[in-house]
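One file, input-v7.cif, is given below (mmCIF, C-alpha atoms and all ligand atoms).
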data_final
loop_
_atom_site.label_atom_id
_atom_site.label_comp_id
_atom_site.auth_asym_id
_atom_site.auth_seq_id
_atom_site.Cartn_x
_atom_site.Cartn_y
_atom_site.Cartn_z
CA MET A 1 -10.18 -14.10 -22.26
CA SER A 2 -8.95 -11.13 -20.22
CA ASP A 3 -5.33 -10.90 -19.16
CA ARG A 4 -4.19 -9.92 -15.73
CA HIS A 5 -1.39 -7.39 -15.50
CA ILE A 6 0.71 -5.73 -12.80
CA THR A 7 -1.11 -2.81 -11.14
CA ARG A 8 1.42 -2.04 -8.37
CA ARG A 9 5.02 -2.93 -7.60
CA ILE A 10 6.07 -3.43 -4.01
CA HIS A 11 9.57 -3.69 -2.59
CA GLY A 12 9.95 -5.48 0.72
CA ILE A 13 11.45 -3.73 3.72
CA ASP A 14 14.22 -5.23 5.85
CA THR A 15 13.05 -5.94 9.37
CA ALA A 16 13.32 -8.53 12.14
CA ASP A 17 10.73 -10.63 13.95
CA GLY A 18 10.62 -13.43 16.50
CA ALA A 19 13.78 -13.35 18.58
CA GLY A 20 15.60 -11.23 16.01
CA VAL A 21 15.29 -13.23 12.78
CA LYS A 22 16.21 -10.94 9.89
CA LEU A 23 13.67 -10.98 7.10
CA LYS A 24 12.14 -9.01 4.25
CA ARG A 25 8.51 -7.99 4.85
CA ILE A 26 6.71 -7.63 1.55
CA ILE A 27 3.02 -7.61 2.53
CA GLY A 28 2.06 -6.19 5.92
CA GLN A 29 4.22 -3.05 5.75
CA PRO A 30 3.44 0.60 4.95
CA GLY A 31 3.87 0.07 1.18
CA LEU A 32 1.24 -2.70 1.11
CA ASP A 33 -0.71 -3.10 4.34
CA MET A 34 -2.65 -6.11 3.04
CA LEU A 35 -3.99 -7.64 -0.15
CA ASP A 36 -7.28 -9.20 0.97
CA PRO A 37 -7.21 -12.09 1.98
CA PHE A 38 -3.40 -11.90 2.41
CA LEU A 39 -2.25 -10.09 5.53
CA LEU A 40 1.50 -10.62 5.47
CA LEU A 41 4.29 -12.05 3.34
CA ASP A 42 7.82 -12.44 4.71
CA GLU A 43 10.86 -13.83 2.94
CA PHE A 44 13.65 -15.00 5.23
CA ARG A 45 16.94 -15.75 3.50
CA SER A 46 20.35 -15.82 5.09
CA ASP A 47 23.42 -18.03 5.22
CA SER A 48 24.59 -16.33 8.41
CA ALA A 49 23.33 -18.24 11.46
CA ASP A 50 23.34 -15.03 13.53
CA ASP A 51 20.44 -13.81 11.38
CA TYR A 52 18.13 -16.74 12.18
CA ILE A 53 19.43 -18.97 14.98
CA ALA A 54 17.28 -17.41 17.73
CA GLY A 55 14.17 -18.42 15.75
CA PHE A 56 10.59 -17.69 16.68
CA PRO A 57 10.09 -18.77 20.32
CA GLU A 58 6.60 -19.33 21.69
CA HIS A 59 4.06 -16.80 20.40
CA PRO A 60 0.28 -16.81 19.88
CA HIS A 61 -1.94 -16.56 16.77
CA ARG A 62 -5.71 -16.13 16.48
CA GLY A 63 -8.12 -15.46 13.64
CA PHE A 64 -6.14 -16.41 10.52
CA GLU A 65 -3.78 -18.94 8.90
CA THR A 66 0.01 -19.01 8.67
CA VAL A 67 1.64 -20.72 5.71
CA THR A 68 5.34 -21.58 5.86
CA TYR A 69 7.16 -22.71 2.72
CA MET A 70 10.76 -23.78 3.24
CA LEU A 71 13.22 -23.57 0.35
CA ALA A 72 16.37 -24.37 2.35
CA GLY A 73 17.17 -25.10 5.97
CA HIS A 74 15.29 -26.92 8.67
CA MET A 75 12.76 -25.67 11.24
CA GLN A 76 11.02 -27.50 14.04
CA HIS A 77 7.49 -26.48 14.90
CA GLY A 78 5.71 -27.20 18.16
CA ASP A 79 2.57 -25.90 19.85
CA ASN A 80 0.81 -25.94 23.22
CA HIS A 81 -1.65 -28.63 22.05
CA GLY A 82 1.16 -31.15 21.55
CA ASN A 83 1.46 -30.84 17.78
CA ARG A 84 4.99 -31.26 16.43
CA GLY A 85 6.14 -30.77 12.89
CA ASP A 86 9.40 -30.88 11.02
CA LEU A 87 9.83 -28.34 8.24
CA THR A 88 12.47 -29.64 5.84
CA PRO A 89 13.50 -28.07 2.50
CA GLY A 90 10.61 -28.05 0.03
CA SER A 91 7.96 -28.65 2.69
CA VAL A 92 4.87 -26.58 3.46
CA GLN A 93 2.96 -26.09 6.65
CA TRP A 94 -0.53 -24.61 6.32
CA MET A 95 -1.65 -23.83 9.86
CA THR A 96 -5.17 -22.68 10.58
CA ALA A 97 -4.73 -20.91 13.92
CA GLY A 98 -8.48 -20.40 14.35
CA ARG A 99 -9.44 -19.59 17.95
CA GLY A 100 -5.86 -19.73 19.05
CA ILE A 101 -2.59 -21.56 19.46
CA LEU A 102 0.77 -20.86 21.09
CA HIS A 103 3.60 -22.16 19.00
CA SER A 104 7.29 -21.88 18.29
CA GLU A 105 9.24 -22.18 15.07
CA MET A 106 12.91 -22.91 15.75
CA PRO A 107 15.82 -23.51 13.34
CA GLN A 108 17.28 -27.03 13.62
CA GLN A 109 20.58 -26.17 11.99
CA GLU A 110 23.62 -24.23 13.10
CA ASN A 111 24.93 -23.08 9.76
CA GLY A 112 24.14 -22.94 6.07
CA LEU A 113 21.36 -21.30 4.13
CA MET A 114 17.94 -20.78 5.72
CA TRP A 115 15.44 -19.63 3.12
CA GLY A 116 11.70 -19.59 2.89
CA PHE A 117 8.44 -17.69 3.15
CA GLN A 118 5.69 -17.09 5.61
CA LEU A 119 2.31 -15.96 4.30
CA TRP A 120 -0.66 -15.00 6.48
CA VAL A 121 -4.10 -15.73 5.05
CA ASN A 122 -7.16 -14.24 6.70
CA LEU A 123 -10.19 -16.22 7.88
CA PRO A 124 -13.77 -14.96 7.52
CA ALA A 125 -15.73 -13.95 10.64
CA LYS A 126 -17.58 -17.27 10.70
CA ASP A 127 -14.32 -19.26 10.84
CA LYS A 128 -12.09 -17.10 13.05
CA MET A 129 -12.86 -19.17 16.17
CA THR A 130 -12.64 -22.57 14.44
CA ALA A 131 -10.53 -25.35 16.00
CA PRO A 132 -6.83 -25.11 15.10
CA ARG A 133 -5.75 -27.35 12.23
CA TYR A 134 -2.44 -28.27 10.64
CA GLN A 135 -1.55 -29.47 7.20
CA ASP A 136 2.12 -30.53 7.29
CA ILE A 137 3.15 -31.42 3.77
CA GLY A 138 6.47 -32.93 2.77
CA PRO A 139 8.03 -32.15 -0.64
CA GLU A 140 7.18 -35.65 -1.95
CA ARG A 141 3.46 -34.76 -1.77
CA ILE A 142 3.76 -31.60 -3.87
CA PRO A 143 3.12 -32.32 -7.57
CA VAL A 144 5.58 -30.93 -10.11
CA VAL A 145 4.16 -30.19 -13.57
CA HIS A 146 5.60 -28.90 -16.85
CA PRO A 147 2.76 -27.01 -18.57
CA ALA A 148 5.12 -25.81 -21.35
CA ALA A 149 8.74 -26.24 -22.44
CA GLY A 150 11.12 -24.70 -19.89
CA VAL A 151 8.40 -24.27 -17.26
CA GLU A 152 8.39 -26.25 -14.01
CA VAL A 153 5.67 -25.63 -11.44
CA LYS A 154 5.29 -26.97 -7.91
CA VAL A 155 1.58 -27.00 -7.20
CA ILE A 156 1.20 -26.35 -3.47
CA ALA A 157 -2.43 -25.23 -3.65
CA GLY A 158 -4.84 -25.00 -6.57
CA THR A 159 -4.93 -26.95 -9.82
CA LEU A 160 -2.64 -26.72 -12.84
CA ALA A 161 -2.10 -29.02 -15.83
CA GLY A 162 -4.20 -31.77 -14.27
CA ALA A 163 -2.41 -31.69 -10.90
CA THR A 164 -4.06 -30.50 -7.70
CA GLY A 165 -1.99 -29.28 -4.78
CA PRO A 166 -2.18 -31.16 -1.46
CA VAL A 167 -3.48 -28.23 0.60
CA GLU A 168 -7.21 -28.73 1.00
CA GLY A 169 -10.32 -27.36 2.67
CA ILE A 170 -9.15 -23.74 2.85
CA VAL A 171 -12.01 -21.23 2.82
CA THR A 172 -10.27 -18.68 0.56
CA ALA A 173 -9.72 -21.36 -2.16
CA PRO A 174 -6.06 -20.42 -2.52
CA VAL A 175 -3.70 -20.91 -5.44
CA TYR A 176 -0.05 -21.19 -4.34
CA LEU A 177 2.47 -21.98 -7.07
CA ASP A 178 6.28 -22.05 -7.17
CA ILE A 179 7.10 -21.46 -10.83
CA GLY A 180 10.50 -21.98 -12.47
CA LEU A 181 11.04 -20.35 -15.88
CA GLN A 182 13.94 -20.95 -18.24
CA PRO A 183 14.99 -18.17 -20.65
CA GLY A 184 12.60 -18.17 -23.61
CA ALA A 185 9.95 -20.21 -21.82
CA LYS A 186 6.40 -18.91 -21.82
CA PHE A 187 2.96 -20.02 -20.75
CA THR A 188 -0.50 -18.81 -19.87
CA LEU A 189 -1.68 -19.42 -16.33
CA ASP A 190 -5.40 -19.52 -15.63
CA LEU A 191 -6.34 -17.96 -12.30
CA PRO A 192 -9.82 -18.04 -10.72
CA VAL A 193 -11.86 -14.98 -11.65
CA GLY A 194 -12.42 -12.69 -8.65
CA HIS A 195 -9.36 -13.91 -6.76
CA HIS A 196 -6.85 -11.28 -5.65
CA GLY A 197 -3.33 -12.31 -6.59
CA PHE A 198 0.32 -11.40 -6.68
CA ALA A 199 3.58 -12.55 -8.23
CA TYR A 200 6.92 -12.40 -6.41
CA VAL A 201 10.25 -13.17 -8.08
CA PHE A 202 12.61 -14.81 -5.58
CA ASP A 203 15.39 -16.28 -7.69
CA GLY A 204 17.19 -15.23 -10.86
CA GLU A 205 17.18 -11.64 -12.13
CA SER A 206 13.68 -11.15 -13.46
CA ALA A 207 10.67 -12.71 -15.17
CA LEU A 208 8.00 -11.36 -17.49
CA VAL A 209 4.67 -11.16 -15.67
CA GLY A 210 1.68 -9.94 -17.64
CA GLY A 211 4.10 -8.77 -20.33
CA GLU A 212 6.16 -6.63 -17.94
CA GLN A 213 9.51 -7.25 -16.37
CA LEU A 214 9.32 -8.05 -12.66
CA ARG A 215 12.68 -8.06 -10.92
CA ARG A 216 13.94 -10.23 -8.11
CA SER A 217 12.56 -9.21 -4.67
CA GLU A 218 9.77 -7.26 -6.37
CA LEU A 219 6.12 -8.13 -5.76
CA GLY A 220 3.63 -7.36 -8.51
CA VAL A 221 0.00 -6.95 -7.44
CA LEU A 222 -2.18 -8.42 -10.20
CA SER A 223 -5.26 -6.86 -11.76
CA GLU A 224 -8.54 -8.72 -12.11
CA GLY A 225 -8.77 -11.07 -15.08
CA GLU A 226 -8.89 -14.69 -16.13
CA GLN A 227 -5.31 -15.46 -17.03
CA LEU A 228 -1.72 -14.37 -16.58
CA GLN A 229 0.98 -14.46 -19.24
CA LEU A 230 4.33 -15.56 -17.86
CA ALA A 231 7.70 -15.73 -19.60
CA GLY A 232 11.32 -16.28 -18.60
CA GLY A 233 13.92 -13.52 -18.41
CA ASP A 234 17.55 -13.63 -19.63
CA GLN A 235 18.47 -16.05 -16.82
CA PRO A 236 16.51 -18.88 -15.20
CA SER A 237 14.13 -17.46 -12.61
CA ARG A 238 11.67 -18.60 -9.97
CA LEU A 239 8.60 -16.84 -8.71
CA LEU A 240 5.63 -17.38 -6.46
CA VAL A 241 2.19 -16.80 -7.90
CA VAL A 242 -0.40 -16.72 -5.14
CA ALA A 243 -4.12 -15.92 -5.36
CA GLY A 244 -7.11 -16.17 -3.04
CA LYS A 245 -10.74 -15.21 -2.71
CA PRO A 246 -11.09 -11.81 -0.99
CA LEU A 247 -13.20 -11.74 2.18
CA ASN A 248 -14.36 -8.09 1.96
CA GLU A 249 -14.75 -7.91 5.74
CA SER A 250 -13.51 -5.36 8.25
CA VAL A 251 -10.05 -6.15 9.61
CA ALA A 252 -8.83 -5.35 13.12
CA ARG A 253 -5.24 -6.49 13.64
CA TYR A 254 -2.84 -6.29 16.50
CA GLY A 255 0.39 -8.24 16.12
CA PRO A 256 -0.47 -11.95 15.98
CA PHE A 257 -4.24 -11.42 16.36
CA VAL A 258 -6.41 -10.62 13.33
CA MET A 259 -10.12 -10.18 13.97
CA ASN A 260 -13.02 -8.08 12.63
CA THR A 261 -13.50 -5.54 15.46
CA PRO A 262 -11.37 -3.83 18.15
CA GLU A 263 -13.54 -5.51 20.82
CA GLN A 264 -12.56 -8.94 19.48
CA ILE A 265 -8.89 -7.90 19.65
CA HIS A 266 -9.32 -6.92 23.33
CA GLU A 267 -10.96 -10.31 23.93
CA ALA A 268 -8.07 -12.10 22.19
CA ILE A 269 -5.50 -10.29 24.34
CA ALA A 270 -7.49 -11.09 27.51
CA ASP A 271 -7.88 -14.76 26.52
CA PHE A 272 -4.15 -14.98 25.77
CA ARG A 273 -3.19 -13.39 29.10
CA THR A 274 -5.50 -15.70 31.07
CA GLY A 275 -4.16 -18.83 29.39
CA LYS A 276 -7.24 -19.64 27.29
CA PHE A 277 -5.18 -20.45 24.17
CO CO B 1 3.83 -18.18 14.23
#

Write out the structure in this file as structure tokens.
Amino acid sequence: MSDRHITRRIHGIDTADGAGVKLKRIIGQPGLDMLDPFLLLDEFRSDSADDYIAGFPEHPHRGFETVTYMLAGHMQHGDNHGNRGDLTPGSVQWMTAGRGILHSEMPQQENGLMWGFQLWVNLPAKDKMTAPRYQDIGPERIPVVHPAAGVEVKVIAGTLAGATGPVEGIVTAPVYLDIGLQPGAKFTLDLPVGHHGFAYVFDGESALVGGEQLRRSELGVLSEGEQLQLAGGDQPSRLLVVAGKPLNESVARYGPFVMNTPEQIHEAIADFRTGKF
């Protein structure tokens, strides 16, 4: 069995998006433009309402999927097709934008910690213009498994220790795990061969990923391989391990539109401007 290891380390950059929400952009910035099929990873974390209260007012998406995972705080989602969703702590929304939606993501709290992630997952050419689809998943539907002593894993997508995550029917066959590691804990995580993957430590000081220390707020791009060795650091830690099947297609991106060619981007902008979303 071949082990995966860290090939690159990426540090997020501080930026703002939406109506001024402060966040850390980890994928989708000069240090890591994309990691096929992943186009963007943001971590938003603040206990100052000024950093998030303006939210993400109405904006379009076409050609890919947005995945929101809330750790703390409360966001309300709504779109121009009448879909409404409530994102509470521990919940996940996997939205397939497909041919296009206009939506907003607005904080429903006036103080306290707001913390979570947004990941963008690309769609292949054949699915870019598919009908929009939502998977709104409350925390009670996310299995929690303990594959070894001191290891607790929330299985959002993929299969681990006999549990399969609730996200289904996604073309890139994603694995999305929230892994808690106590000091001294260790385990071997199988990941699908050929998937591109990364690990991102978001709580605690550090964890051992592929035998190397990965610090908080550091993303490790993983090599090819069949399995990943994980172990706890000196303090309890939590990390995301995410993997997906690469598309190996050309990517043309412009803000919230991700297509294969510049012509398709022009078409997306024209469709948006003429109200075809
Ligand atoms: Co959005």

Expected answer as a PyMOL selection string: residues within 8 Å of ligand CO 1 (chain B), all atoms listed in the file:
chain A and resi 56+59-61+66+102-105+256

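The coordinates place CA of Arg45 in chain A at 5.6 Å from CA of Met114 in chain A.
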
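CA of Arg62 in chain A is found 19.2 Å from CA of Gly85 in chain A.
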
Per residue of range 1-78 of chain A within 12 Å of range 175-187 of chain A, record the nearest atom pair and its distance in Å to one decimal, counting all atoms listed in the file, with rows in chain order and ascending residue number, as CSV.
residue,atom,partner,partner_atom,distance
A:Phe38,CA,A:Val175,CA,12.0
A:Val67,CA,A:Tyr176,CA,10.2
A:Thr68,CA,A:Tyr176,CA,11.5
A:Tyr69,CA,A:Asp178,CA,10.0
A:Met70,CA,A:Asp178,CA,11.5
A:Leu71,CA,A:Asp178,CA,10.3

Name all residues at most 10 Å from Gly100 in chain A (count only C-alpha atoms; drop same-chain ones fewer than 5 positions away) and give them as a ChimeraX atom specification.
/A:60-64,128-132,256-257,268,271-272,276-277

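Nearest to Arg99 in chain A of all the residues A:Phe44, A:Ile269, A:Val151, A:Leu219 is A:Ile269, counting only C-alpha atoms.
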
Please give the centre and size of the box around range 28-42 of chain A (axis-aligned, containing every atom listed in the file, 5 Å added per side), with values in Å to one decimal and written as AutoDock Vina command-line options.
--center_x 0.3 --center_y -5.9 --center_z 2.9 --size_x 25.1 --size_y 23.0 --size_z 16.1

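If you measure from each of A:Thr88, A:Asn260, A:Ser237, A:Thr96 to Val167 in chain A using all atoms listed in the file, the closest one turns out to be A:Thr96.
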
For Val155 in chain A, the closest of A:Leu113, A:Leu23, A:Leu39, A:Leu240 counting only C-alpha atoms is A:Leu240

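Comparing A:Pro192, A:Gly210, A:Ile26, A:Pro174 by their smallest distance to Phe117 in chain A, the closest is A:Ile26 (using only C-alpha atoms).
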
Which polymer residues have any atom within 9 Å of an atom of Glu65 in chain A, counting only C-alpha atoms, with same-chain residues fewer than 4 positions away left out, as a list in words?
His61, Trp94, Met95, Thr96, Ala97, Gly98, Leu119, Trp120, Val121, Asn122 and Leu123 of chain A

With C-alpha atoms retained, could you export that selection as a short mmCIF file (atom, residue, chain, number, x, y, z; two decimals), in the frame of the given file?
data_model
loop_
_atom_site.label_atom_id
_atom_site.label_comp_id
_atom_site.auth_asym_id
_atom_site.auth_seq_id
_atom_site.Cartn_x
_atom_site.Cartn_y
_atom_site.Cartn_z
CA HIS A 61 -1.94 -16.56 16.77
CA TRP A 94 -0.53 -24.61 6.32
CA MET A 95 -1.65 -23.83 9.86
CA THR A 96 -5.17 -22.68 10.58
CA ALA A 97 -4.73 -20.91 13.92
CA GLY A 98 -8.48 -20.40 14.35
CA LEU A 119 2.31 -15.96 4.30
CA TRP A 120 -0.66 -15.00 6.48
CA VAL A 121 -4.10 -15.73 5.05
CA ASN A 122 -7.16 -14.24 6.70
CA LEU A 123 -10.19 -16.22 7.88
#

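The gap separating CA of Thr15 in chain A from CA of Arg215 in chain A is 20.4 Å, in Å to one decimal.
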
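Neighbouring residues of Glu140 in chain A at 12 Å or closer, counting all atoms listed in the file and skipping chain neighbours under 2 positions away, are Thr88, Pro89, Gly90, Ser91, Val92, Asp136, Ile137, Gly138, Ile142, Pro143, Val144, Lys154, Val155, Ile156, Gly165 and Pro166 of chain A.
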
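If you measure from each of A:Val171, A:Ala72, A:Met34, A:Ile265 to Ser46 in chain A using all atoms listed in the file, the closest one turns out to be A:Ala72.
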